[in-house]
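Notes follow once the structure below has been shown.
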Amino acid sequence: METDSLARQLRMKRSEMMLSELEAVALRLFEQRGFADVTVEDIASEAKVSPRTFYRYFPAKEDVLQLRIERRTEAMRVALSARPVDEPPLRSFRMALEQEVSTEDSELLGRWIAVIIASPTLLRSVVGGIHLKSHQMMAEFFGARLGVPSDALEPRVLAASVGGVIQAAQT
């Protein structure tokens, strides 16, 4: 049983390493050549994997940009759940965000932002991903702390406000 668990952990670690490698290669190429001029084959070749391997991790090259949103959303969910329940919600959020941002690779984050800014057509899918994933997580957190449903007006407004501040600070 322990062997199965260890094997599963190794597979997950390898998968995470491959995701990170493909993301880093893709962002570098997108930044150098422009998003529209980079193909999945270019990314795969640069990462020394087959296009099929790329597609095992990402349905399309646009999905590389969603990885950062998914990772931050999940990391924030974990960090927020560890905050004291009697702490004011905005303080909890700020502390969790500071913790998460301090662990992010600032070079990759900078590339991610540069690629999005340089490719306005990507903005809609990135903002959509942020809204669907991050804003939902924030509304759930604020709703739980305020004792109201996450789809109530107050948690949604707080989530949108905090999300807007984060986006402004990053860009």
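By convention here, the chains of the structure tokens are called A, B, ... in the order presented, each chain's residues are numbered starting at 1, and ligands are numbered starting at 1 in the order presented.
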
| request: Could you please write out, as JSON, numbers by chain, every residue of chain A that DSSP assigns to helix (DSSP H, G or I)? | output: {"A": [2, 3, 4, 5, 6, 7, 8, 9, 10, 11, 12, 13, 14, 15, 16, 17, 18, 19, 20, 21, 22, 23, 24, 25, 26, 27, 28, 29, 30, 31, 32, 33, 35, 36, 37, 40, 41, 42, 43, 44, 45, 46, 47, 51, 52, 53, 54, 55, 56, 57, 61, 62, 63, 64, 65, 66, 67, 68, 69, 70, 71, 72, 73, 74, 75, 76, 77, 78, 79, 80, 81, 89, 90, 91, 92, 93, 94, 95, 96, 97, 98, 99, 100, 101, 102, 103, 106, 107, 108, 109, 110, 111, 112, 113, 114, 115, 116, 117, 118, 120, 121, 122, 123, 124, 125, 126, 127, 128, 129, 130, 131, 132, 133, 134, 135, 136, 137, 138, 139, 140, 141, 142, 143, 144, 145, 146, 153, 154, 155, 156, 157, 158, 159, 160, 161, 162, 163, 164, 165, 166, 167, 168, 169, 170]}

Report as a list in words all protein, DNA and RNA residues lying within 8 Å of A:Leu80, evaluated on only C-alpha atoms, omitting residues in the same chain fewer than 2 positions from it.
Met76, Arg77, Val78, Ala82, Arg83, Ser92, Phe93, Ala96 and Phe141 of chain A

Can I get the selected residues back with all heavy atoms, as a compact mmCIF listing (two decimals), in the first residue's frame?
# COMPACT_ATOMS: atom_id res chain seq x y z
N MET A 76 -4.02 29.92 -2.91
CA MET A 76 -4.75 30.88 -2.07
C MET A 76 -5.83 30.19 -1.27
O MET A 76 -6.04 30.52 -0.10
CB MET A 76 -5.36 31.99 -2.94
CG MET A 76 -4.35 32.99 -3.45
SD MET A 76 -3.60 33.96 -2.12
CE MET A 76 -5.02 34.84 -1.49
N ARG A 77 -6.51 29.24 -1.87
CA ARG A 77 -7.55 28.49 -1.15
C ARG A 77 -6.92 27.81 0.09
O ARG A 77 -7.46 27.88 1.19
CB ARG A 77 -8.19 27.46 -2.06
CG ARG A 77 -9.38 26.73 -1.46
CD ARG A 77 -9.96 25.68 -2.40
NE ARG A 77 -10.17 26.08 -3.76
CZ ARG A 77 -11.21 26.80 -4.22
NH1 ARG A 77 -12.13 27.20 -3.38
NH2 ARG A 77 -11.31 27.09 -5.49
N VAL A 78 -5.77 27.18 -0.09
CA VAL A 78 -5.08 26.50 1.01
C VAL A 78 -4.61 27.52 2.05
O VAL A 78 -4.81 27.32 3.26
CB VAL A 78 -3.90 25.66 0.47
CG1 VAL A 78 -3.02 25.16 1.59
CG2 VAL A 78 -4.42 24.51 -0.39
N ALA A 82 -5.99 28.26 6.19
CA ALA A 82 -5.10 28.19 7.35
C ALA A 82 -5.11 29.46 8.20
O ALA A 82 -4.52 29.48 9.28
CB ALA A 82 -3.66 27.91 6.87
N ARG A 83 -5.77 30.51 7.72
CA ARG A 83 -5.81 31.77 8.47
C ARG A 83 -6.77 31.65 9.66
O ARG A 83 -7.77 30.92 9.58
CB ARG A 83 -6.26 32.93 7.57
CG ARG A 83 -5.39 33.22 6.36
CD ARG A 83 -3.97 33.56 6.66
NE ARG A 83 -3.84 34.63 7.62
CZ ARG A 83 -2.71 34.92 8.26
NH1 ARG A 83 -1.61 34.22 8.03
NH2 ARG A 83 -2.67 35.90 9.12
N SER A 92 -6.89 38.64 6.40
CA SER A 92 -6.60 37.24 6.05
C SER A 92 -6.21 37.15 4.58
O SER A 92 -5.24 36.48 4.23
CB SER A 92 -7.82 36.35 6.30
OG SER A 92 -8.09 36.22 7.65
N PHE A 93 -6.99 37.83 3.77
CA PHE A 93 -6.71 37.76 2.34
C PHE A 93 -5.36 38.37 2.01
O PHE A 93 -4.57 37.81 1.25
CB PHE A 93 -7.83 38.44 1.52
CG PHE A 93 -7.81 37.97 0.11
CD1 PHE A 93 -8.49 36.82 -0.25
CD2 PHE A 93 -7.07 38.61 -0.86
CE1 PHE A 93 -8.43 36.34 -1.55
CE2 PHE A 93 -7.00 38.15 -2.14
CZ PHE A 93 -7.69 37.01 -2.49
N ALA A 96 -2.54 36.04 3.20
CA ALA A 96 -2.45 34.85 2.34
C ALA A 96 -1.86 35.21 0.99
O ALA A 96 -1.02 34.47 0.44
CB ALA A 96 -3.82 34.21 2.17
N PHE A 141 -14.59 32.38 0.06
CA PHE A 141 -13.90 32.74 1.29
C PHE A 141 -14.63 33.86 2.02
O PHE A 141 -14.93 33.75 3.22
CB PHE A 141 -12.44 33.15 1.01
CG PHE A 141 -11.78 33.79 2.19
CD1 PHE A 141 -11.36 33.02 3.27
CD2 PHE A 141 -11.59 35.16 2.24
CE1 PHE A 141 -10.76 33.60 4.37
CE2 PHE A 141 -10.99 35.75 3.34
CZ PHE A 141 -10.58 34.97 4.41

Neighbour list for stretch 14-22 of chain A as an MDAnalysis selection string, cut-off 8 Å, only C-alpha atoms, skip fewer than 4 positions in-chain: chainID A and resid 10 26 43:44 47 54 57 64

Quick one: everything within 9 Å of A:Glu70, counting only C-alpha atoms, minus sequence neighbours fewer than 5 positions away in the same chain. Send it as a VMD selection string. chain A and resid 75 129 to 130 133 to 134

Export of the given selection (N, CA, C and O atoms) as a PDB file, in the first residue's frame:
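Printed below is again_19.pdb as written:
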ATOM      1  N   ALA A  75      -3.483  27.632  -4.385  1.00  0.00           N
ATOM      2  CA  ALA A  75      -2.577  28.012  -3.298  1.00  0.00           C
ATOM      3  C   ALA A  75      -3.258  29.003  -2.353  1.00  0.00           C
ATOM      4  O   ALA A  75      -3.107  28.913  -1.126  1.00  0.00           O
ATOM      5  N   GLY A 129     -10.791  33.306 -17.114  1.00  0.00           N
ATOM      6  CA  GLY A 129     -10.228  32.307 -16.210  1.00  0.00           C
ATOM      7  C   GLY A 129     -10.095  32.844 -14.798  1.00  0.00           C
ATOM      8  O   GLY A 129     -10.397  32.148 -13.824  1.00  0.00           O
ATOM      9  N   ILE A 130      -9.658  34.082 -14.684  1.00  0.00           N
ATOM     10  CA  ILE A 130      -9.528  34.703 -13.358  1.00  0.00           C
ATOM     11  C   ILE A 130     -10.908  34.812 -12.707  1.00  0.00           C
ATOM     12  O   ILE A 130     -11.086  34.478 -11.542  1.00  0.00           O
ATOM     13  N   LYS A 133     -12.314  31.229 -11.795  1.00  0.00           N
ATOM     14  CA  LYS A 133     -11.563  30.464 -10.795  1.00  0.00           C
ATOM     15  C   LYS A 133     -11.252  31.304  -9.557  1.00  0.00           C
ATOM     16  O   LYS A 133     -11.704  30.998  -8.457  1.00  0.00           O
ATOM     17  N   SER A 134     -10.479  32.343  -9.724  1.00  0.00           N
ATOM     18  CA  SER A 134     -10.026  33.139  -8.579  1.00  0.00           C
ATOM     19  C   SER A 134     -11.159  33.892  -7.905  1.00  0.00           C
ATOM     20  O   SER A 134     -11.271  33.883  -6.675  1.00  0.00           O
TER      21      SER A 134
END

Minimum-distance residue to A:Leu90, chosen among A:Leu29, A:Ile117, A:Ala152, A:Leu146 (using only C-alpha atoms) =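 Between A:Leu29, A:Ile117, A:Ala152, A:Leu146, the residue approaching A:Leu90 most closely is A:Leu146.
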
Interatomic distance, atom CA of A:Val115 to atom CA of A:Glu31 (Å, one decimal):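 Atom CA of A:Glu31 lies 5.5 Å from atom CA of A:Val115.
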
| said: Given only C-alpha atoms as the basis, pick out the residue of A:Arg11, A:Arg71, A:Lys61, A:Arg111 nearest to A:Gln170. | reply: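 Ranking A:Arg11, A:Arg71, A:Lys61, A:Arg111 by distance to A:Gln170, first place goes to A:Arg111.
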
Contact table stretch 61-104 of chain A vs stretch 162-166 of chain A, cut-off 12 Å, shortest pair per residue, only C-alpha atoms, as a Markdown table:
| residue | atom | partner | partner_atom | distance |
| --- | --- | --- | --- | --- |
| A:Ile69 | CA | A:Gly163 | CA | 11.9 |
| A:Arg72 | CA | A:Ile166 | CA | 12.0 |
| A:Thr73 | CA | A:Gly163 | CA | 11.4 |
| A:Pro89 | CA | A:Val162 | CA | 11.3 |
| A:Leu90 | CA | A:Val162 | CA | 8.7 |
| A:Arg91 | CA | A:Val162 | CA | 11.5 |
| A:Phe93 | CA | A:Val162 | CA | 8.8 |
| A:Arg94 | CA | A:Val162 | CA | 9.3 |
| A:Leu97 | CA | A:Ile166 | CA | 9.2 |
| A:Glu98 | CA | A:Ile166 | CA | 11.0 |
| A:Val101 | CA | A:Ile166 | CA | 10.7 |

How would the residues just chosen look if you wrote them out with N, CA and C atoms as a compact mmCIF listing (two decimals), in the first residue's frame?
# COMPACT_ATOMS: atom_id res chain seq x y z
N ILE A 69 -3.21 30.86 -13.20
CA ILE A 69 -4.46 31.20 -12.50
C ILE A 69 -4.89 30.03 -11.61
N ARG A 72 -2.40 29.66 -8.58
CA ARG A 72 -2.57 30.69 -7.55
C ARG A 72 -3.90 30.51 -6.83
N THR A 73 -4.94 30.18 -7.56
CA THR A 73 -6.25 29.99 -6.94
C THR A 73 -6.19 28.88 -5.90
N PRO A 89 -11.50 39.45 7.51
CA PRO A 89 -11.36 38.80 6.20
C PRO A 89 -10.36 39.47 5.25
N LEU A 90 -10.37 40.80 5.18
CA LEU A 90 -9.43 41.46 4.26
C LEU A 90 -7.99 41.29 4.73
N ARG A 91 -7.77 41.27 6.03
CA ARG A 91 -6.41 41.01 6.54
C ARG A 91 -5.99 39.59 6.20
N PHE A 93 -6.99 37.83 3.77
CA PHE A 93 -6.71 37.76 2.34
C PHE A 93 -5.36 38.37 2.01
N ARG A 94 -5.08 39.54 2.60
CA ARG A 94 -3.80 40.19 2.33
C ARG A 94 -2.62 39.33 2.77
N LEU A 97 -2.27 36.35 0.44
CA LEU A 97 -1.74 36.78 -0.86
C LEU A 97 -0.25 37.10 -0.76
N GLU A 98 0.15 37.78 0.29
CA GLU A 98 1.58 38.07 0.47
C GLU A 98 2.38 36.77 0.53
N VAL A 101 2.37 35.20 -3.12
CA VAL A 101 3.20 35.95 -4.07
C VAL A 101 4.68 35.79 -3.76

How many Å lie between atom CA of A:Gln167 and atom CA of A:Ala139, rounded to one decimal?
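The value is 16.3 Å.
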
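Coordinates place atom CA of A:Pro155 at a distance of 19.8 Å from atom CA of A:Ala168.
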
Given only C-alpha atoms as the basis, pick out the residue of A:Ser50, A:Ser45, A:Ser102, A:Gln32 nearest to A:Ala118.
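Of all the options, A:Gln32 lies closest to A:Ala118.
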